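See structure below.
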Amino acid sequence: MKFVIVFVALFAVAMAGNLDREAQIVRLDSNVEPLSYQYAQETSNGIKSQESGQVRNLGTEQEAIAVQGSYSYVGDDGITYTVNYIADENGFQPQGAHIPVA
């Protein structure tokens with residue numbers, strides 16, 4: 001489960017790095033608690049992301065972090081792409097108008 005969270009975070013960072021290396025963070029809000037967290041950020045090149053997570057089944061064999069969030073960016077074609085996702089015991093589940101459905 002931790003791998004999924006790390007993957008999502010690294011993917012968002014990679015997307016930001018590919019779109020504009022000179023982008024600045026213009027807004028960053030975060031709240032980190034022992035059993036949950038949330039953040040939202042926006043960069044000067046229009047990338048936005050937000051995420052929240054919480055521990056489920058605390059103290060059991062099934063203890064895991066459940067995450068939900070989204071990110072958006074403007075593509076080279078001028079279209080704003082948005083991905084909404086859930087990452088939990090069922091894996092990473094992205095949804096977006098531009099993402100093919102199996």
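Simple scheme: letters A, B, ... for chains in structure tokens order, numbers from 1 for residues in each chain, numbers from 1 for ligands in the order shown.
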Task: Residues near segment 75-82 of chain A, cut-off 8 Å, only C-alpha atoms, skip fewer than 5 positions along chain, as a list in words - done: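 In the requested form, the answer reads Ser70, Gly96, Ala97 and His98 of chain A.
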Task: Shell around Asp29 of chain A at 10 Å using only C-alpha atoms, local window under 4 positions removed, as an MDAnalysis selection string - done: chainID A and resid 38:42 50
Write to file, as a tab-separated table (two decimals), in the first residue's frame, the residues of the selection just made, with all heavy atoms.
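Saved file part37.tsv follows:
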```tsv
chain	number	residue	atom	x	y	z
A	38	GLN	N	-3.97	15.34	4.59
A	38	GLN	CA	-4.55	15.92	3.39
A	38	GLN	C	-3.64	17.04	2.92
A	38	GLN	O	-2.94	17.66	3.71
A	38	GLN	CB	-5.96	16.43	3.62
A	38	GLN	CG	-6.08	17.51	4.68
A	38	GLN	CD	-7.54	17.86	4.93
A	38	GLN	OE1	-8.44	17.07	4.70
A	38	GLN	NE2	-7.76	19.06	5.42
A	39	TYR	N	-3.63	17.24	1.62
A	39	TYR	CA	-2.86	18.34	1.06
A	39	TYR	C	-3.51	18.81	-0.23
A	39	TYR	O	-4.26	18.08	-0.87
A	39	TYR	CB	-1.40	17.96	0.81
A	39	TYR	CG	-1.17	17.24	-0.49
A	39	TYR	CD1	-0.93	17.94	-1.66
A	39	TYR	CD2	-1.21	15.85	-0.56
A	39	TYR	CE1	-0.73	17.28	-2.87
A	39	TYR	CE2	-1.02	15.19	-1.76
A	39	TYR	CZ	-0.78	15.92	-2.91
A	39	TYR	OH	-0.60	15.27	-4.09
A	40	ALA	N	-3.21	20.03	-0.60
A	40	ALA	CA	-3.63	20.59	-1.88
A	40	ALA	C	-2.53	21.54	-2.31
A	40	ALA	O	-1.95	22.25	-1.48
A	40	ALA	CB	-4.95	21.33	-1.75
A	41	GLN	N	-2.22	21.53	-3.60
A	41	GLN	CA	-1.20	22.43	-4.09
A	41	GLN	C	-1.52	22.88	-5.50
A	41	GLN	O	-2.28	22.23	-6.22
A	41	GLN	CB	0.18	21.80	-4.07
A	41	GLN	CG	0.38	20.70	-5.07
A	41	GLN	CD	1.81	20.18	-5.05
A	41	GLN	OE1	2.58	20.48	-4.16
A	41	GLN	NE2	2.17	19.42	-6.05
A	42	GLU	N	-0.94	24.02	-5.88
A	42	GLU	CA	-1.10	24.55	-7.23
A	42	GLU	C	0.23	25.19	-7.61
A	42	GLU	O	0.88	25.83	-6.80
A	42	GLU	CB	-2.21	25.58	-7.24
A	42	GLU	CG	-2.51	26.15	-8.60
A	42	GLU	CD	-3.69	27.10	-8.58
A	42	GLU	OE1	-4.44	27.14	-7.58
A	42	GLU	OE2	-3.86	27.82	-9.59
A	50	GLN	N	-4.52	17.44	-5.27
A	50	GLN	CA	-5.03	17.37	-3.90
A	50	GLN	C	-5.17	15.90	-3.57
A	50	GLN	O	-5.39	15.07	-4.44
A	50	GLN	CB	-6.36	18.13	-3.76
A	50	GLN	CG	-7.52	17.59	-4.57
A	50	GLN	CD	-8.27	16.46	-3.87
A	50	GLN	OE1	-8.29	16.37	-2.65
A	50	GLN	NE2	-8.85	15.58	-4.66
```
TODO: Within 12 Å of Glu63 of chain A, counting only C-alpha atoms, which residues show up once you throw out same-chain ones fewer than 2 positions away? Write them as a PyMOL selection string, please.
DONE: chain A and resi 1-2+35+54-61+65-66+88-89
Open item on the list: Using only C-alpha atoms, can you tell me which of A:Val26, A:Val32, A:Ile99, A:Ala64 comes closest to Ile47 of chain A?
Closed with: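 Ranked by minimum distance to Ile47 of chain A, first place goes to A:Val26.
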Open item on the list: Can you pull out every residue from chain A that DSSP, working from the backbone, puts in strand (DSSP E), and format the result as a PyMOL selection string?
Closed with: chain A and resi 25-32+36-43+48-56+64-74+80-88+91-95
DSSP alpha helix (DSSP H) residues within chain A, as a PDB file with C-alpha atoms, in the first residue's frame:
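Okay, this is what ended up in result36.pdb:
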```
ATOM      1  CA  LYS A   2       2.816   2.393   0.800  1.00  0.00           C
ATOM      2  CA  PHE A   3       4.201   1.682  -2.670  1.00  0.00           C
ATOM      3  CA  VAL A   4       0.983   2.986  -4.224  1.00  0.00           C
ATOM      4  CA  ILE A   5       1.196   6.247  -2.313  1.00  0.00           C
ATOM      5  CA  VAL A   6       4.847   6.709  -3.213  1.00  0.00           C
ATOM      6  CA  PHE A   7       4.085   5.878  -6.856  1.00  0.00           C
ATOM      7  CA  VAL A   8       1.270   8.447  -7.027  1.00  0.00           C
ATOM      8  CA  ALA A   9       3.431  11.134  -5.445  1.00  0.00           C
ATOM      9  CA  LEU A  10       6.380  10.420  -7.747  1.00  0.00           C
ATOM     10  CA  PHE A  11       4.110  10.381 -10.788  1.00  0.00           C
ATOM     11  CA  ALA A  12       2.720  13.808  -9.903  1.00  0.00           C
ATOM     12  CA  VAL A  13       6.233  15.177  -9.384  1.00  0.00           C
ATOM     13  CA  ALA A  14       7.391  13.685 -12.692  1.00  0.00           C
ATOM     14  CA  MET A  15       4.454  15.250 -14.516  1.00  0.00           C
ATOM     15  CA  ALA A  16       5.239  18.622 -12.991  1.00  0.00           C
ATOM     16  CA  GLY A  17       8.914  18.327 -13.937  1.00  0.00           C
ATOM     17  CA  ASN A  18       8.140  17.433 -17.536  1.00  0.00           C
ATOM     18  CA  LEU A  19       5.733  20.309 -18.082  1.00  0.00           C
TER      19      LEU A  19
END
```
Task: Atom-to-atom span, atom CA of Asn45 of chain A and atom CA of Gln24 of chain A, Å - done: 7.7 Å
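The smallest atom-to-atom distance between Tyr73 of chain A and any of A:Val101, A:Ser30, A:Ser49, A:Arg21, using only C-alpha atoms, is found for A:Ser49.
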